Amino acid sequence: MSVLVTGGAGYIGSHTAVELLDSGFDVVVVDNLCNSNRESLRRVEALTGKKLTFIEGDICDANWLDQVFASHNIDSVIHFAALKAVGESVSRPIDYYHNNVSGTLALLAAMNKAGVSKLVFSSSATVYGSSAKVPYREDQATGGTTNPYGSSKLIIENMLLDCAKANPALSVAMLRYFNPIGAHESGLIGEDPQGIPNNLMPFIAQVAVGKRSQLSVFGGDYNTPDGTCLRDYLHVVDLAVGHVQALDWVANNQGAKPFNLGTGNGTSVLEMIAAFEAASGVKIPYEIVPRREGDLEGFWADSRLAEQELGWKAKLSLERMMIDTWRWQHGNPNGYLPS
Ligand code: NAD
Ligand code: WQD
């Protein structure tokens, strides 16, 4: 069984490639490397002892995508390729809508031509917007997204629902990730943000290796137990396993359906710092600064639907997320670039 993985050289894609190869799938990765490094896939091969096929290119290029499908016998697709920086999406909306929305349209058209009808899509908890109640459930309304990145994910979900209505053979699992962190326990692959990290976990990890002097904690006056925001952090390997289970779901179901992938726990920023310090033995200097615009006070997942229908449940603890993050960052202070 061959799986086409768009964006497979990236953070979540590379971890998913490991789980796919370990589960016996043939893996074809397409990626334009706009936010990743070819080295991640070499390491995927090294740690699984298996080969994958890598084709460099842009999913917005419809003719090229047609050739990819024509020259490989693809059974299903996992679609990670997207631009994902929230702040950047506000200043570059055209790029974000073009890459994420037009890229997905090109992919859907190519799948249609090639007769491939099974798709797992990387959605996000961000589609719930600011008015949803915690824990988020899939039957709650989506909408009220506050930036082009989040809006692009919501537009794609709606496109996929429309396509599935029009084509009863189509089967799509729309996985709404909460906050993926951590790294493979081998320490060979992990998150490698370009420039200053936008997200909490890679920022903490870069402070720990001395690449940043201190962490700014965005807001200490939220209505939460310690005043800092709560998020549902999940281990990237649990998330990767969820994609393998979602492939089974799309093979046996029709229609487009959203699934939350989270742990169900809300953890504060200060608890994250303490958990990292305990796992690494490294002190993280921090300062509480004003709130970051657009941040929500707290949200976490109700993932019972994923448990019932995909057979998926997050297993790895916060301590494991921290130990694995530290092993990756300590062993690769410059990510995939040579030290
Ligand atoms: P990432 O940037 O590490 O990986 C995305 C990959 O897609 C990169 O390798 C990039 O080079 C590639 N890519 C982007 N545009 C492309 C294009 N037009 N053609 C070919 N390749 C292209 O990001 P990630 O964290 O692994 O995220 C994967 C997916 O999960 C994205 O769709 C993202 O929006 C979604 N997601 C991520 C998070 C998170 O916190 N990391 C949370 C929710 C959802
Ligand atoms: C987590 C918490 C910050 C950095 C974003 C996207 C979302 C999704 C995942 C893709 C918040 C605080 C952070 C820092 C801090 N991506 N923080 N100092 O904002 O929950 O979600 O990534 O779909 O769409 O919005 O994650 O890691 O940026 O922040 O205090 O330097 O850490 O305020 O409370 P977020 P995050």
# chains A, B, ... in the order shown; residues from 1 in each chain; ligands from 1

call {"tool": "residues_around", "arguments": {"residues": "Asp226 in chain A", "least_positions_apart": "3", "cutoff": "8 Å", "atoms": "only C-alpha atoms", "output": "list in words"}}
result
Gly220, Ser268 and Leu270 of chain A

call {"tool": "write_last_selection", "arguments": {"atoms": "N, CA, C and O atoms", "output": "PDB file, in the first residue's frame"}}
result
ATOM      1  N   GLY A 220       0.343  37.091  32.305  1.00  0.00           N
ATOM      2  CA  GLY A 220       0.289  36.381  33.580  1.00  0.00           C
ATOM      3  C   GLY A 220      -0.997  36.712  34.316  1.00  0.00           C
ATOM      4  O   GLY A 220      -1.128  36.416  35.509  1.00  0.00           O
ATOM      5  N   SER A 268      -0.533  24.808  31.801  1.00  0.00           N
ATOM      6  CA  SER A 268      -0.214  26.241  31.721  1.00  0.00           C
ATOM      7  C   SER A 268       1.228  26.436  31.237  1.00  0.00           C
ATOM      8  O   SER A 268       2.051  25.510  31.269  1.00  0.00           O
ATOM      9  N   LEU A 270       3.511  28.198  32.741  1.00  0.00           N
ATOM     10  CA  LEU A 270       4.456  28.017  33.864  1.00  0.00           C
ATOM     11  C   LEU A 270       4.647  26.539  34.186  1.00  0.00           C
ATOM     12  O   LEU A 270       5.755  26.103  34.541  1.00  0.00           O
TER      13      LEU A 270
END

call {"tool": "residues_around", "arguments": {"residues": "Asp31 in chain A", "least_positions_apart": "5", "cutoff": "10 Å", "atoms": "only C-alpha atoms", "output": "VMD selection string"}}
result
chain A and resid 5 to 10 13 36 to 38 54 to 59 80 to 82

call {"tool": "write_last_selection", "arguments": {"atoms": "all heavy atoms", "output": "tab-separated table (two decimals), in the first residue's frame"}}
result
chain	number	residue	atom	x	y	z
A	5	VAL	N	2.62	11.40	0.94
A	5	VAL	CA	2.65	12.29	2.11
A	5	VAL	C	3.11	13.66	1.63
A	5	VAL	O	4.29	13.85	1.31
A	5	VAL	CB	3.60	11.73	3.20
A	5	VAL	CG1	3.56	12.63	4.43
A	5	VAL	CG2	3.22	10.30	3.58
A	6	THR	N	2.20	14.62	1.57
A	6	THR	CA	2.61	15.97	1.19
A	6	THR	C	3.18	16.66	2.43
A	6	THR	O	2.67	16.47	3.54
A	6	THR	CB	1.42	16.81	0.65
A	6	THR	OG1	0.62	17.25	1.76
A	6	THR	CG2	0.57	16.05	-0.36
A	7	GLY	N	4.25	17.40	2.26
A	7	GLY	CA	4.86	18.06	3.42
A	7	GLY	C	5.53	17.07	4.36
A	7	GLY	O	5.72	17.35	5.55
A	8	GLY	N	5.94	15.94	3.81
A	8	GLY	CA	6.47	14.86	4.66
A	8	GLY	C	7.86	15.10	5.21
A	8	GLY	O	8.31	14.37	6.09
A	9	ALA	N	8.56	16.15	4.71
A	9	ALA	CA	9.88	16.45	5.28
A	9	ALA	C	9.77	17.32	6.53
A	9	ALA	O	10.77	17.55	7.22
A	9	ALA	CB	10.75	17.15	4.24
A	10	GLY	N	8.57	17.81	6.81
A	10	GLY	CA	8.37	18.73	7.93
A	10	GLY	C	8.30	18.00	9.28
A	10	GLY	O	8.56	16.79	9.37
A	13	GLY	N	5.17	15.59	9.55
A	13	GLY	CA	5.26	14.66	8.43
A	13	GLY	C	6.39	13.66	8.58
A	13	GLY	O	6.23	12.47	8.28
A	36	SER	N	11.58	23.12	5.56
A	36	SER	CA	12.14	21.87	6.06
A	36	SER	C	13.46	21.57	5.35
A	36	SER	O	13.88	22.33	4.47
A	36	SER	CB	11.15	20.71	5.83
A	36	SER	OG	10.74	20.69	4.49
A	37	ASN	N	14.05	20.47	5.75
A	37	ASN	CA	15.38	20.12	5.27
A	37	ASN	C	15.36	18.66	4.81
A	37	ASN	O	14.81	17.80	5.51
A	37	ASN	CB	16.36	20.31	6.46
A	37	ASN	CG	17.79	20.26	6.04
A	37	ASN	OD1	18.22	19.33	5.36
A	37	ASN	ND2	18.55	21.26	6.44
A	38	ARG	N	15.98	18.40	3.69
A	38	ARG	CA	16.05	17.04	3.14
A	38	ARG	C	16.64	16.04	4.15
A	38	ARG	O	16.31	14.85	4.12
A	38	ARG	CB	16.91	17.11	1.87
A	38	ARG	CG	17.20	15.83	1.16
A	38	ARG	CD	16.01	15.36	0.36
A	38	ARG	NE	16.24	14.10	-0.33
A	38	ARG	CZ	16.15	12.91	0.23
A	38	ARG	NH1	15.86	12.76	1.51
A	38	ARG	NH2	16.35	11.81	-0.49
A	54	PHE	N	11.37	10.25	-2.30
A	54	PHE	CA	11.19	11.70	-2.11
A	54	PHE	C	11.18	12.39	-3.47
A	54	PHE	O	12.08	12.18	-4.29
A	54	PHE	CB	12.32	12.28	-1.25
A	54	PHE	CG	12.27	13.79	-1.19
A	54	PHE	CD1	11.17	14.44	-0.66
A	54	PHE	CD2	13.32	14.56	-1.71
A	54	PHE	CE1	11.10	15.83	-0.63
A	54	PHE	CE2	13.26	15.95	-1.67
A	54	PHE	CZ	12.15	16.59	-1.12
A	55	ILE	N	10.16	13.23	-3.68
A	55	ILE	CA	10.09	14.02	-4.92
A	55	ILE	C	9.94	15.48	-4.51
A	55	ILE	O	8.96	15.85	-3.84
A	55	ILE	CB	8.88	13.60	-5.78
A	55	ILE	CG1	8.83	12.06	-5.93
A	55	ILE	CG2	8.94	14.25	-7.17
A	55	ILE	CD1	7.53	11.55	-6.53
A	56	GLU	N	10.93	16.28	-4.90
A	56	GLU	CA	10.88	17.70	-4.52
A	56	GLU	C	9.98	18.45	-5.49
A	56	GLU	O	10.11	18.33	-6.72
A	56	GLU	CB	12.29	18.30	-4.54
A	56	GLU	CG	12.32	19.71	-4.01
A	56	GLU	CD	13.74	20.24	-3.83
A	56	GLU	OE1	14.70	19.45	-3.84
A	56	GLU	OE2	13.87	21.48	-3.67
A	57	GLY	N	9.03	19.23	-4.94
A	57	GLY	CA	8.15	20.01	-5.80
A	57	GLY	C	7.06	20.67	-5.00
A	57	GLY	O	6.91	20.43	-3.79
A	58	ASP	N	6.29	21.50	-5.70
A	58	ASP	CA	5.28	22.33	-5.05
A	58	ASP	C	3.88	21.79	-5.38
A	58	ASP	O	3.56	21.64	-6.56
A	58	ASP	CB	5.45	23.77	-5.58
A	58	ASP	CG	4.63	24.77	-4.80
A	58	ASP	OD1	3.50	24.44	-4.41
A	58	ASP	OD2	5.15	25.87	-4.57
A	59	ILE	N	3.09	21.55	-4.37
A	59	ILE	CA	1.75	20.99	-4.62
A	59	ILE	C	0.83	21.96	-5.37
A	59	ILE	O	-0.22	21.55	-5.85
A	59	ILE	CB	1.04	20.51	-3.33
A	59	ILE	CG1	0.89	21.66	-2.33
A	59	ILE	CG2	1.77	19.32	-2.70
A	59	ILE	CD1	-0.24	21.43	-1.34
A	80	PHE	N	-0.03	17.15	4.67
A	80	PHE	CA	0.52	18.07	5.67
A	80	PHE	C	0.92	19.41	5.07
A	80	PHE	O	1.00	20.40	5.81
A	80	PHE	CB	1.80	17.49	6.29
A	80	PHE	CG	1.63	16.26	7.12
A	80	PHE	CD1	2.03	15.02	6.65
A	80	PHE	CD2	1.06	16.34	8.39
A	80	PHE	CE1	1.88	13.87	7.42
A	80	PHE	CE2	0.91	15.22	9.16
A	80	PHE	CZ	1.31	13.97	8.67
A	81	ALA	N	1.24	19.43	3.78
A	81	ALA	CA	1.89	20.62	3.20
A	81	ALA	C	1.06	21.88	3.42
A	81	ALA	O	-0.08	21.96	2.97
A	81	ALA	CB	2.15	20.40	1.71
A	82	ALA	N	1.64	22.83	4.10
A	82	ALA	CA	0.97	24.12	4.35
A	82	ALA	C	1.99	25.08	4.94
A	82	ALA	O	3.02	24.65	5.47
A	82	ALA	CB	-0.19	23.93	5.33

call {"tool": "select_by_dssp", "arguments": {"residues": "range 103-162 of chain A", "states": "strand (DSSP E or B)", "output": "list of chain:residue names"}}
result
A:Lys118, A:Leu119, A:Val120, A:Phe121, A:Ser122, A:Ser123, A:Ser124, A:Tyr136

call {"tool": "closest_atom_pairs", "arguments": {"of": "range 218-253 of chain A", "to": "range 93-117 of chain A", "cutoff": "12 Å", "atoms": "only C-alpha atoms", "output": "JSON lines"}}
result
{"residue": "A:Leu247", "atom": "CA", "partner": "A:Ser117", "partner_atom": "CA", "distance": 11.5}
{"residue": "A:Val250", "atom": "CA", "partner": "A:Ser117", "partner_atom": "CA", "distance": 8.7}
{"residue": "A:Ala251", "atom": "CA", "partner": "A:Ser117", "partner_atom": "CA", "distance": 9.1}
{"residue": "A:Asn252", "atom": "CA", "partner": "A:Ser117", "partner_atom": "CA", "distance": 11.5}
{"residue": "A:Asn253", "atom": "CA", "partner": "A:Ser117", "partner_atom": "CA", "distance": 10.8}

call {"tool": "write_last_selection", "arguments": {"atoms": "N, CA and C atoms", "output": "PDB file, in the first residue's frame"}}
result
ATOM      1  N   LEU A 247      -5.731   6.368   8.465  1.00  0.00           N
ATOM      2  CA  LEU A 247      -5.682   5.716   7.141  1.00  0.00           C
ATOM      3  C   LEU A 247      -6.614   4.511   7.114  1.00  0.00           C
ATOM      4  N   VAL A 250     -10.213   5.891   6.785  1.00  0.00           N
ATOM      5  CA  VAL A 250     -10.601   6.326   5.428  1.00  0.00           C
ATOM      6  C   VAL A 250     -10.725   5.131   4.480  1.00  0.00           C
ATOM      7  N   ALA A 251     -10.036   4.047   4.802  1.00  0.00           N
ATOM      8  CA  ALA A 251     -10.163   2.860   3.940  1.00  0.00           C
ATOM      9  C   ALA A 251     -11.516   2.182   4.126  1.00  0.00           C
ATOM     10  N   ASN A 252     -12.162   2.463   5.252  1.00  0.00           N
ATOM     11  CA  ASN A 252     -13.397   1.724   5.577  1.00  0.00           C
ATOM     12  C   ASN A 252     -14.627   2.606   5.752  1.00  0.00           C
ATOM     13  N   ASN A 253     -14.511   3.884   5.413  1.00  0.00           N
ATOM     14  CA  ASN A 253     -15.636   4.812   5.606  1.00  0.00           C
ATOM     15  C   ASN A 253     -15.753   5.760   4.420  1.00  0.00           C
TER      16      ASN A 253
END

call {"tool": "residues_near_ligand", "arguments": {"ligand": "ligand 2", "cutoff": "8 Å", "atoms": "only C-alpha atoms and all ligand atoms", "output": "compact mmCIF listing (two decimals) with N, CA, C and O atoms, in the first residue's frame"}}
result
# COMPACT_ATOMS: atom_id res chain seq x y z
N LYS A 84 2.39 27.65 8.06
CA LYS A 84 1.71 27.49 9.36
C LYS A 84 1.98 28.59 10.41
O LYS A 84 1.58 28.44 11.55
N ALA A 85 2.69 29.66 10.03
CA ALA A 85 3.01 30.66 11.04
C ALA A 85 1.88 31.70 11.13
O ALA A 85 1.64 32.45 10.19
N VAL A 86 1.22 31.70 12.28
CA VAL A 86 0.03 32.55 12.45
C VAL A 86 0.34 34.03 12.19
O VAL A 86 -0.36 34.70 11.42
N SER A 123 -5.81 19.31 9.92
CA SER A 123 -6.53 20.50 10.33
C SER A 123 -5.99 20.94 11.70
O SER A 123 -4.93 20.50 12.13
N SER A 124 -6.72 21.79 12.37
CA SER A 124 -6.18 22.39 13.59
C SER A 124 -7.30 22.77 14.54
O SER A 124 -8.40 23.14 14.09
N ALA A 125 -7.01 22.75 15.83
CA ALA A 125 -7.98 23.22 16.83
C ALA A 125 -8.33 24.68 16.61
O ALA A 125 -9.35 25.16 17.11
N THR A 126 -7.52 25.37 15.83
CA THR A 126 -7.76 26.79 15.57
C THR A 126 -9.09 27.02 14.83
O THR A 126 -9.65 28.12 14.91
N TYR A 149 -4.10 32.15 8.52
CA TYR A 149 -3.72 30.74 8.67
C TYR A 149 -4.93 29.92 9.12
O TYR A 149 -5.30 28.92 8.49
N GLY A 150 -5.56 30.36 10.22
CA GLY A 150 -6.71 29.62 10.75
C GLY A 150 -7.86 29.59 9.75
O GLY A 150 -8.51 28.56 9.55
N TYR A 177 -5.57 18.92 15.11
CA TYR A 177 -4.52 18.77 16.12
C TYR A 177 -4.65 19.87 17.16
O TYR A 177 -4.92 21.03 16.82
N PHE A 178 -4.29 19.52 18.40
CA PHE A 178 -4.17 20.55 19.44
C PHE A 178 -2.72 21.03 19.39
O PHE A 178 -2.29 21.50 18.36
N ASN A 179 -1.92 20.94 20.44
CA ASN A 179 -0.56 21.51 20.36
C ASN A 179 0.49 20.41 20.35
O ASN A 179 0.94 19.96 21.41
N PRO A 180 0.93 19.99 19.15
CA PRO A 180 1.94 18.93 19.08
C PRO A 180 3.32 19.43 19.51
O PRO A 180 3.75 20.51 19.08
N PRO A 197 11.60 30.97 17.01
CA PRO A 197 10.41 30.12 17.11
C PRO A 197 9.17 30.93 17.53
O PRO A 197 9.25 31.80 18.40
N ASN A 198 8.04 30.63 16.91
CA ASN A 198 6.78 31.26 17.30
C ASN A 198 6.14 30.53 18.45
O ASN A 198 5.37 31.10 19.22
N ASN A 199 6.45 29.24 18.55
CA ASN A 199 5.72 28.39 19.50
C ASN A 199 6.51 28.19 20.79
O ASN A 199 7.74 28.30 20.82
N LEU A 200 5.76 27.87 21.84
CA LEU A 200 6.34 27.80 23.18
C LEU A 200 7.45 26.74 23.32
O LEU A 200 8.54 27.04 23.81
N MET A 201 7.15 25.52 22.91
CA MET A 201 8.10 24.41 23.20
C MET A 201 9.45 24.62 22.52
O MET A 201 10.49 24.53 23.19
N PHE A 203 10.76 27.34 21.64
CA PHE A 203 11.41 28.50 22.25
C PHE A 203 12.09 28.09 23.55
O PHE A 203 13.27 28.41 23.80
N ILE A 204 11.37 27.34 24.39
CA ILE A 204 11.96 26.87 25.66
C ILE A 204 13.23 26.06 25.36
O ILE A 204 14.28 26.24 25.99
N LEU A 215 12.93 33.33 28.01
CA LEU A 215 11.59 33.16 27.45
C LEU A 215 10.71 34.32 27.89
O LEU A 215 10.74 34.71 29.06
N SER A 216 9.93 34.87 26.97
CA SER A 216 8.88 35.81 27.35
C SER A 216 7.59 35.02 27.52
O SER A 216 7.16 34.34 26.58
N VAL A 217 7.01 35.10 28.71
CA VAL A 217 5.72 34.43 28.94
C VAL A 217 4.64 35.46 28.63
O VAL A 217 4.57 36.53 29.28
N PHE A 218 3.81 35.14 27.64
CA PHE A 218 2.83 36.12 27.16
C PHE A 218 1.60 36.16 28.05
O PHE A 218 0.63 35.43 27.82
N GLY A 219 1.63 37.02 29.05
CA GLY A 219 0.45 37.24 29.89
C GLY A 219 0.46 36.40 31.15
O GLY A 219 0.57 35.18 31.09
N THR A 228 -1.43 32.02 33.63
CA THR A 228 -0.92 31.85 32.25
C THR A 228 -1.86 30.91 31.47
O THR A 228 -2.62 30.15 32.06
N CYS A 229 -1.74 30.99 30.14
CA CYS A 229 -2.69 30.26 29.27
C CYS A 229 -2.55 28.75 29.38
O CYS A 229 -1.46 28.24 29.60
N LEU A 230 -3.67 28.08 29.14
CA LEU A 230 -3.69 26.61 29.16
C LEU A 230 -3.83 26.07 27.75
O LEU A 230 -4.64 26.57 26.96
N ARG A 231 -3.04 25.04 27.42
CA ARG A 231 -3.12 24.39 26.12
C ARG A 231 -3.05 22.88 26.30
O ARG A 231 -2.53 22.39 27.31
N SER A 268 -0.53 24.81 31.80
CA SER A 268 -0.21 26.24 31.72
C SER A 268 1.23 26.44 31.24
O SER A 268 2.05 25.51 31.27
N VAL A 269 1.51 27.68 30.86
CA VAL A 269 2.88 28.00 30.39
C VAL A 269 3.88 27.77 31.53
O VAL A 269 4.95 27.18 31.32
N ILE A 288 7.53 37.57 32.68
CA ILE A 288 6.13 37.67 32.25
C ILE A 288 5.95 39.02 31.56
O ILE A 288 6.29 40.07 32.13
N ARG A 291 0.19 40.26 27.30
CA ARG A 291 -0.43 39.21 26.50
C ARG A 291 -0.07 39.34 25.02
O ARG A 291 0.14 40.45 24.54
N ARG A 292 -0.04 38.21 24.32
CA ARG A 292 0.15 38.21 22.86
C ARG A 292 -1.24 38.33 22.22
O ARG A 292 -2.17 37.60 22.58
N ASP A 295 -4.22 35.46 21.48
CA ASP A 295 -4.14 34.24 22.28
C ASP A 295 -5.46 33.99 23.02
O ASP A 295 -6.04 34.92 23.59
N LEU A 296 -5.88 32.74 23.04
CA LEU A 296 -7.05 32.36 23.82
C LEU A 296 -6.58 31.92 25.21
O LEU A 296 -5.48 31.38 25.36
N GLU A 297 -7.47 32.13 26.21
CA GLU A 297 -7.09 31.84 27.60
C GLU A 297 -6.74 30.36 27.81
O GLU A 297 -5.72 30.03 28.43
N GLY A 298 -7.58 29.50 27.30
CA GLY A 298 -7.30 28.08 27.52
C GLY A 298 -8.20 27.21 26.67
O GLY A 298 -9.38 27.52 26.52

call {"tool": "residues_around", "arguments": {"residues": "Trp300 in chain A", "least_positions_apart": "2", "cutoff": "8 Å", "atoms": "only C-alpha atoms", "output": "count of residues only"}}
result
14

call {"tool": "select_by_dssp", "arguments": {"residues": "range 143-205 of chain A", "states": "helix (DSSP H, G or I)", "output": "list in words"}}
result
Pro148, Tyr149, Gly150, Ser151, Ser152, Lys153, Leu154, Ile155, Ile156, Glu157, Asn158, Met159, Leu160, Leu161, Asp162, Cys163, Ala164, Lys165, Ala166, Leu200, Met201, Pro202, Phe203, Ile204 and Ala205 of chain A

call {"tool": "write_last_selection", "arguments": {"atoms": "N, CA, C and O atoms", "output": "mmCIF file, in the first residue's frame"}}
result
data_model
loop_
_atom_site.group_PDB
_atom_site.id
_atom_site.type_symbol
_atom_site.label_atom_id
_atom_site.label_comp_id
_atom_site.auth_asym_id
_atom_site.auth_seq_id
_atom_site.Cartn_x
_atom_site.Cartn_y
_atom_site.Cartn_z
ATOM 1 N N PRO A 148 -5.392 34.659 8.830
ATOM 2 C CA PRO A 148 -5.503 33.937 7.558
ATOM 3 C C PRO A 148 -5.084 32.465 7.661
ATOM 4 O O PRO A 148 -5.640 31.616 6.976
ATOM 5 N N TYR A 149 -4.098 32.153 8.519
ATOM 6 C CA TYR A 149 -3.717 30.742 8.668
ATOM 7 C C TYR A 149 -4.935 29.923 9.119
ATOM 8 O O TYR A 149 -5.295 28.918 8.489
ATOM 9 N N GLY A 150 -5.561 30.358 10.219
ATOM 10 C CA GLY A 150 -6.711 29.618 10.750
ATOM 11 C C GLY A 150 -7.859 29.592 9.746
ATOM 12 O O GLY A 150 -8.510 28.558 9.553
ATOM 13 N N SER A 151 -8.070 30.723 9.080
ATOM 14 C CA SER A 151 -9.153 30.775 8.089
ATOM 15 C C SER A 151 -8.870 29.819 6.940
ATOM 16 O O SER A 151 -9.788 29.192 6.405
ATOM 17 N N SER A 152 -7.592 29.678 6.564
ATOM 18 C CA SER A 152 -7.280 28.764 5.452
ATOM 19 C C SER A 152 -7.645 27.329 5.835
ATOM 20 O O SER A 152 -8.170 26.576 5.014
ATOM 21 N N LYS A 153 -7.420 26.952 7.086
ATOM 22 C CA LYS A 153 -7.755 25.587 7.527
ATOM 23 C C LYS A 153 -9.271 25.386 7.517
ATOM 24 O O LYS A 153 -9.771 24.325 7.137
ATOM 25 N N LEU A 154 -9.988 26.422 7.940
ATOM 26 C CA LEU A 154 -11.453 26.310 7.969
ATOM 27 C C LEU A 154 -12.025 26.241 6.545
ATOM 28 O O LEU A 154 -12.924 25.446 6.254
ATOM 29 N N ILE A 155 -11.494 27.056 5.653
ATOM 30 C CA ILE A 155 -11.939 27.026 4.250
ATOM 31 C C ILE A 155 -11.700 25.624 3.671
ATOM 32 O O ILE A 155 -12.561 25.049 3.003
ATOM 33 N N ILE A 156 -10.531 25.067 3.968
ATOM 34 C CA ILE A 156 -10.213 23.732 3.421
ATOM 35 C C ILE A 156 -11.174 22.686 3.988
ATOM 36 O O ILE A 156 -11.683 21.834 3.250
ATOM 37 N N GLU A 157 -11.448 22.761 5.295
ATOM 38 C CA GLU A 157 -12.415 21.796 5.866
ATOM 39 C C GLU A 157 -13.746 21.897 5.121
ATOM 40 O O GLU A 157 -14.361 20.878 4.768
ATOM 41 N N ASN A 158 -14.209 23.131 4.871
ATOM 42 C CA ASN A 158 -15.503 23.299 4.191
ATOM 43 C C ASN A 158 -15.429 22.788 2.752
ATOM 44 O O ASN A 158 -16.382 22.163 2.259
ATOM 45 N N MET A 159 -14.288 23.031 2.093
ATOM 46 C CA MET A 159 -14.108 22.496 0.737
ATOM 47 C C MET A 159 -14.197 20.980 0.746
ATOM 48 O O MET A 159 -14.834 20.370 -0.124
ATOM 49 N N LEU A 160 -13.563 20.376 1.728
ATOM 50 C CA LEU A 160 -13.534 18.909 1.783
ATOM 51 C C LEU A 160 -14.936 18.353 2.048
ATOM 52 O O LEU A 160 -15.337 17.330 1.465
ATOM 53 N N LEU A 161 -15.711 19.050 2.894
ATOM 54 C CA LEU A 161 -17.096 18.609 3.141
ATOM 55 C C LEU A 161 -17.904 18.679 1.845
ATOM 56 O O LEU A 161 -18.658 17.760 1.512
ATOM 57 N N ASP A 162 -17.715 19.772 1.081
ATOM 58 C CA ASP A 162 -18.438 19.920 -0.196
ATOM 59 C C ASP A 162 -18.024 18.842 -1.192
ATOM 60 O O ASP A 162 -18.873 18.266 -1.885
ATOM 61 N N CYS A 163 -16.732 18.582 -1.267
ATOM 62 C CA CYS A 163 -16.238 17.573 -2.230
ATOM 63 C C CYS A 163 -16.769 16.189 -1.861
ATOM 64 O O CYS A 163 -17.109 15.389 -2.739
ATOM 65 N N ALA A 164 -16.824 15.915 -0.554
ATOM 66 C CA ALA A 164 -17.312 14.594 -0.132
ATOM 67 C C ALA A 164 -18.807 14.450 -0.410
ATOM 68 O O ALA A 164 -19.291 13.354 -0.701
ATOM 69 N N LYS A 165 -19.538 15.577 -0.352
ATOM 70 C CA LYS A 165 -20.981 15.527 -0.683
ATOM 71 C C LYS A 165 -21.157 15.217 -2.161
ATOM 72 O O LYS A 165 -22.026 14.445 -2.561
ATOM 73 N N ALA A 166 -20.310 15.834 -2.976
ATOM 74 C CA ALA A 166 -20.439 15.678 -4.433
ATOM 75 C C ALA A 166 -19.931 14.319 -4.905
ATOM 76 O O ALA A 166 -20.386 13.821 -5.934
ATOM 77 N N LEU A 200 5.760 27.872 21.842
ATOM 78 C CA LEU A 200 6.341 27.803 23.182
ATOM 79 C C LEU A 200 7.446 26.743 23.320
ATOM 80 O O LEU A 200 8.544 27.037 23.810
ATOM 81 N N MET A 201 7.150 25.517 22.909
ATOM 82 C CA MET A 201 8.096 24.413 23.198
ATOM 83 C C MET A 201 9.451 24.616 22.522
ATOM 84 O O MET A 201 10.490 24.526 23.194
ATOM 85 N N PRO A 202 9.486 24.910 21.202
ATOM 86 C CA PRO A 202 10.816 25.122 20.609
ATOM 87 C C PRO A 202 11.523 26.340 21.185
ATOM 88 O O PRO A 202 12.757 26.368 21.253
ATOM 89 N N PHE A 203 10.761 27.336 21.640
ATOM 90 C CA PHE A 203 11.412 28.498 22.254
ATOM 91 C C PHE A 203 12.087 28.088 23.553
ATOM 92 O O PHE A 203 13.266 28.407 23.800
ATOM 93 N N ILE A 204 11.375 27.340 24.392
ATOM 94 C CA ILE A 204 11.960 26.872 25.657
ATOM 95 C C ILE A 204 13.226 26.058 25.356
ATOM 96 O O ILE A 204 14.281 26.241 25.987
ATOM 97 N N ALA A 205 13.114 25.162 24.361
ATOM 98 C CA ALA A 205 14.255 24.283 24.049
ATOM 99 C C ALA A 205 15.456 25.102 23.581
ATOM 100 O O ALA A 205 16.607 24.780 23.914
#

call {"tool": "residues_around", "arguments": {"residues": "Val28 in chain A", "least_positions_apart": "6", "cutoff": "12 Å", "atoms": "only C-alpha atoms", "output": "PyMOL selection string"}}
result
chain A and resi 1-9+13-14+17+20-21+41+51-56+68-69+71-79

call {"tool": "residues_around", "arguments": {"residues": "Arg304 in chain A", "least_positions_apart": "6", "cutoff": "9 Å", "atoms": "only C-alpha atoms", "output": "list of chain:residue names"}}
result
A:Arg137, A:Phe259, A:Asn260, A:Trp312, A:Lys313

call {"tool": "write_last_selection", "arguments": {"atoms": "N, CA and C atoms", "output": "PDB file, in the first residue's frame"}}
result
ATOM      1  N   ARG A 137     -15.418  20.003  21.314  1.00  0.00           N
ATOM      2  CA  ARG A 137     -15.931  18.760  20.702  1.00  0.00           C
ATOM      3  C   ARG A 137     -16.195  19.013  19.237  1.00  0.00           C
ATOM      4  N   PHE A 259     -11.928  14.982  13.431  1.00  0.00           N
ATOM      5  CA  PHE A 259     -11.573  14.291  14.677  1.00  0.00           C
ATOM      6  C   PHE A 259     -10.579  15.148  15.450  1.00  0.00           C
ATOM      7  N   ASN A 260     -10.867  15.378  16.733  1.00  0.00           N
ATOM      8  CA  ASN A 260      -9.898  16.070  17.594  1.00  0.00           C
ATOM      9  C   ASN A 260      -8.791  15.116  18.002  1.00  0.00           C
ATOM     10  N   TRP A 312      -7.928   5.658  18.583  1.00  0.00           N
ATOM     11  CA  TRP A 312      -6.732   6.419  18.945  1.00  0.00           C
ATOM     12  C   TRP A 312      -6.891   7.085  20.312  1.00  0.00           C
ATOM     13  N   LYS A 313      -5.847   7.044  21.098  1.00  0.00           N
ATOM     14  CA  LYS A 313      -5.810   7.778  22.362  1.00  0.00           C
ATOM     15  C   LYS A 313      -4.362   8.180  22.604  1.00  0.00           C
TER      16      LYS A 313
END
